[in-house]
Amino acid sequence: MTSGNSVLVLGIGNDILTDDGIGPRIIQQIEKETFPSLFAFRSASVGGLEILEMISGYREVIFIDAIKTRNGTPGTIYCLSPDNFQETLHLTNLHDTHFLEALELGRKLEMDIPSKIHILAIEIVEDREFNESFSPEIQTRFPEILEEVRDYLRQMIRDF
Amino acid sequence: MKQITIDPITRLEGHGKIEIFLKDDGGVENVYFQVPELRGFEQFCVGRPVEELSQIVTKICGVCPGCHHMASGKAADAVYGVKPPPTALKLRELFYMAHFVHSHIAHFYALAAPDFVVGPAADPAIRNIVGVIEKVGIPIGSEVIKQRRIAQEIQALLGGHQTHVVMNVPGGVRKGLTPEQRDDIVKKAEGFVDFAKFSMNLFKDVVLGNKDYVNIILNGPYALKIHSMGLVDERNQVNFYDGKVRVVDTKGKELFKYSPNEYLDYVAEHVEPWSYLKFPYLKTKGWKGFVEGQDSGVYHATPLSRLNAADGMATPIAHQEYEFMYKTLGGKPVHNTLAMHWARLVELIYAAEHCLELALDSEIIGSDLRTPLDKTPSEGVGIVEAQRGTLTHHYWTDPKGIVTKVNIIVGTTNNHAPICMSIKKAAEGLITKNTEITEGILNMIEMSFRAYDPCFSCATHSLPGQMRIELVLKDTQGKIIRSVKRK
């Protein structure tokens, strides 16, 4: 669904690579819950030009991606925007073009790019091992992470 | 000894890096290109029905999922000893041509063109696809986005999903095309051909029309005299989906040609203690180290090697461009690494033309989509050309078709040794005793491996083709004495 009035919540990651898939797995969970039609939920495994096309037409977009920082606490959610963007795992590791470049390209080409971009980057532990389960640290914290994401969406509803 | 480290993303753990060790006189001692390892894929596959693998493997890599899906589908056919009917084979190939169109367009405009359209030493803030669009115009930028999207739409139509493809089943495909859908693809494929031709003309104008760029391609530190690998059809023309793997030597003479199930007789993998990723080499030559030449076991599997290994292209305009490229570069084989960009555009034209040919083929709307399975599954190999090199999937199953073992050699892995050698050669050519290490130097080293369109996602999850790098010059105690950082 695309609508100029809606908010796309886009989980990015690989759901068979341990914690890497935390974005898509959050989407799998919350898209089953009751949220206003304001939100559209989608998952993707790649960034770059494809993301540009996916977000086109939405008023706002919330990326949910994994991040690994040195000495970060697993499960911590960093709220980022293009202005204070740090390298999250999939908005950074692009084969074709960097996330910020993709946004700039979209604006230059006069595509209908969301006016506001939110990035929820979740500190993970393991993204090098094929596994459909989370690491123990993320598994333990997953209910809290989900609740924080729900809170974020609820706050958006109030502010909208 | 001084040490230079090119570390792509310093704030993230576990990503690839390039380390350049300098001699005391300032010259390059050695170069190490390291990528981290992904663990447990084989274990993840073992115990699953073999027909599930073609869907699972699309998740190994977000960049070339269609390639893994095709190689896996072919391996599963082989496991069951079955050949899909002509309509199914053509549908697979149609999907695959669209996959090549979208990938090759992305590489040319996002990864190759910035170096040539904007300039190899240009400010990195503008040396990107946005800078390219600034130079060539917004309508062309819009066309890049549009043609990629259309190619993705064709993949989604045929494959069920553009990334997580569910098209192949052992012996065929899940669904066919209606005449109306076919007509729509014909129109889209005509657009691909036009855009591919346009892109080639842009390359000729911008690159071949600039003496400095031609000089960089021909005389820069970017040539590697190694053997060439590529899949060919029965006429020895380039084929992405099927055929035999042909390898020609550094002089262009055929060394051998093998069927997928014979790959272990011809390719082996060397292990180095400093790298998780292995180094494939030609078994008949043996591993002689990271060396060039006729006796070396090192080969590459790239757009350029595919053209070197073939006698021509199977479509008319692509073949014309193939001949023009070799005529311009002084005959076959070509060993200039940056000519890979040119070869990739020849392939783009082929993919577009072949996409149109397949869409116009009356069999493409046939209804015979799957050959029944009547043999006991056991073992099979599937090989396709991925955009980044020859891709081999080898599966073993029990008599019920449950996977017991998996071996995959991904496209870029074939090029692991050549990439290391190309980086070293570029570094040696560009960094000498009194070299001031500038952004331009950094980028020109990076160009040597970017030409391969490297994607280690399959084997290592992530290494962007377009690295954002930091080069650190260290003294013998490891103290940083200078760094150049790319934002």
# chains A, B, ... in the order shown; residues from 1 in each chain; ligands from 1
$ residues_around --residues "stretch 234-249 of chain B" --least-positions-apart "2" --cutoff "6 Å" --atoms "only C-alpha atoms" --output "JSON, numbers by chain"
{"B": [227, 228, 229, 230, 231, 232, 251, 252, 253, 254, 255, 256, 257, 258, 259, 309, 310, 311, 312, 313, 314, 384, 385]}
$ write_last_selection --atoms "C-alpha atoms" --output "compact mmCIF listing (two decimals), in the first residue's frame"
# COMPACT_ATOMS: atom_id res chain seq x y z
CA HIS B 227 43.28 -17.34 -17.01
CA SER B 228 39.63 -16.68 -17.84
CA MET B 229 36.54 -18.70 -16.95
CA GLY B 230 32.99 -18.51 -18.26
CA LEU B 231 29.91 -20.55 -19.11
CA VAL B 232 29.40 -21.10 -22.85
CA LYS B 251 46.90 -16.32 -24.35
CA GLY B 252 43.26 -17.12 -25.07
CA LYS B 253 43.74 -20.81 -25.84
CA GLU B 254 41.15 -23.24 -24.46
CA LEU B 255 42.54 -25.17 -21.51
CA PHE B 256 39.43 -27.26 -20.90
CA LYS B 257 35.67 -27.27 -20.84
CA TYR B 258 33.71 -29.07 -18.16
CA SER B 259 30.14 -30.01 -17.34
CA ALA B 309 36.47 -17.47 -22.55
CA ALA B 310 33.84 -17.31 -25.30
CA ASP B 311 34.01 -17.03 -29.06
CA GLY B 312 31.30 -14.38 -29.14
CA MET B 313 27.89 -13.24 -27.96
CA ALA B 314 24.67 -15.01 -28.89
CA VAL B 384 25.14 -20.57 -13.62
CA GLU B 385 26.99 -17.37 -14.29
$ select_by_dssp --residues "stretch 286-412 of chain B" --states "strand (DSSP E)" --output "PyMOL selection string"
chain B and resi 299-300+379-386+389-397+403-409
$ closest_residue --among "A:Ser37, A:Thr140, A:Asn131, A:Thr18" --to "chain B" --atoms "only C-alpha atoms"
A:Asn131
$ residues_around --residues "A:Ile119" --least-positions-apart "2" --cutoff "7 Å" --atoms "only C-alpha atoms" --output "list in words"
Ile62, Phe63, Ile64, Cys79, Leu80, Ser81, Ile117 and Ala121 of chain A
$ closest_residue --among "A:Ile26, A:Ile124, A:Leu49, A:Ser115" --to "A:Asn71" --atoms "only C-alpha atoms"
A:Ile124
$ decode --residues "stretch 43-107 of chain B" --atoms "C-alpha atoms" --output "short mmCIF file (atom, residue, chain, number, x, y, z; two decimals), in the first residue's frame"
data_model
loop_
_atom_site.label_atom_id
_atom_site.label_comp_id
_atom_site.auth_asym_id
_atom_site.auth_seq_id
_atom_site.Cartn_x
_atom_site.Cartn_y
_atom_site.Cartn_z
CA GLN B 43 24.56 -27.09 8.85
CA PHE B 44 21.54 -24.87 8.29
CA CYS B 45 20.73 -26.74 5.06
CA VAL B 46 21.38 -30.29 6.18
CA GLY B 47 18.22 -32.15 7.14
CA ARG B 48 15.93 -30.08 4.90
CA PRO B 49 14.19 -31.30 1.73
CA VAL B 50 16.37 -30.36 -1.25
CA GLU B 51 13.51 -28.48 -2.93
CA GLU B 52 13.51 -26.01 -0.01
CA LEU B 53 17.08 -24.93 -0.72
CA SER B 54 16.25 -22.83 -3.77
CA GLN B 55 14.19 -20.58 -1.47
CA ILE B 56 16.65 -20.58 1.43
CA VAL B 57 19.64 -19.66 -0.73
CA THR B 58 17.96 -16.43 -1.84
CA LYS B 59 18.56 -15.29 1.71
CA ILE B 60 22.32 -15.86 1.59
CA CYS B 61 22.72 -12.70 -0.41
CA GLY B 62 20.47 -9.72 -0.94
CA VAL B 63 22.48 -8.65 -3.96
CA CYS B 64 22.28 -11.70 -6.20
CA PRO B 65 19.40 -13.81 -4.84
CA GLY B 66 18.21 -14.75 -8.32
CA CYS B 67 21.58 -16.31 -9.15
CA HIS B 68 21.50 -18.55 -6.11
CA HIS B 69 17.91 -19.47 -6.86
CA MET B 70 18.84 -20.52 -10.40
CA ALA B 71 21.98 -22.46 -9.43
CA SER B 72 20.03 -24.15 -6.65
CA GLY B 73 17.14 -25.01 -8.95
CA LYS B 74 19.54 -26.56 -11.44
CA ALA B 75 21.30 -28.51 -8.68
CA ALA B 76 17.94 -29.83 -7.47
CA ASP B 77 17.08 -30.88 -11.06
CA ALA B 78 20.38 -32.76 -11.13
CA VAL B 79 19.74 -34.35 -7.74
CA TYR B 80 16.51 -35.79 -9.17
CA GLY B 81 18.10 -36.52 -12.56
CA VAL B 82 15.42 -34.54 -14.37
CA LYS B 83 15.41 -31.98 -17.18
CA PRO B 84 12.72 -29.28 -17.13
CA PRO B 85 10.54 -28.89 -20.25
CA PRO B 86 11.49 -26.16 -22.77
CA THR B 87 8.89 -23.67 -21.52
CA ALA B 88 10.18 -23.95 -17.95
CA LEU B 89 13.78 -23.52 -19.06
CA LYS B 90 12.87 -20.45 -21.09
CA LEU B 91 10.91 -18.93 -18.22
CA ARG B 92 13.89 -19.42 -15.92
CA GLU B 93 16.16 -17.79 -18.45
CA LEU B 94 13.73 -14.91 -18.96
CA PHE B 95 13.73 -14.27 -15.22
CA TYR B 96 17.51 -14.48 -15.23
CA MET B 97 17.99 -11.96 -18.03
CA ALA B 98 15.87 -9.45 -16.09
CA HIS B 99 18.06 -10.14 -13.04
CA PHE B 100 21.18 -9.34 -15.06
CA VAL B 101 19.63 -6.20 -16.51
CA HIS B 102 18.84 -4.73 -13.11
CA SER B 103 22.17 -5.70 -11.56
CA HIS B 104 24.39 -4.53 -14.42
CA ILE B 105 22.54 -1.20 -14.65
CA ALA B 106 23.09 -0.66 -10.93
CA HIS B 107 26.79 -1.46 -11.15
#
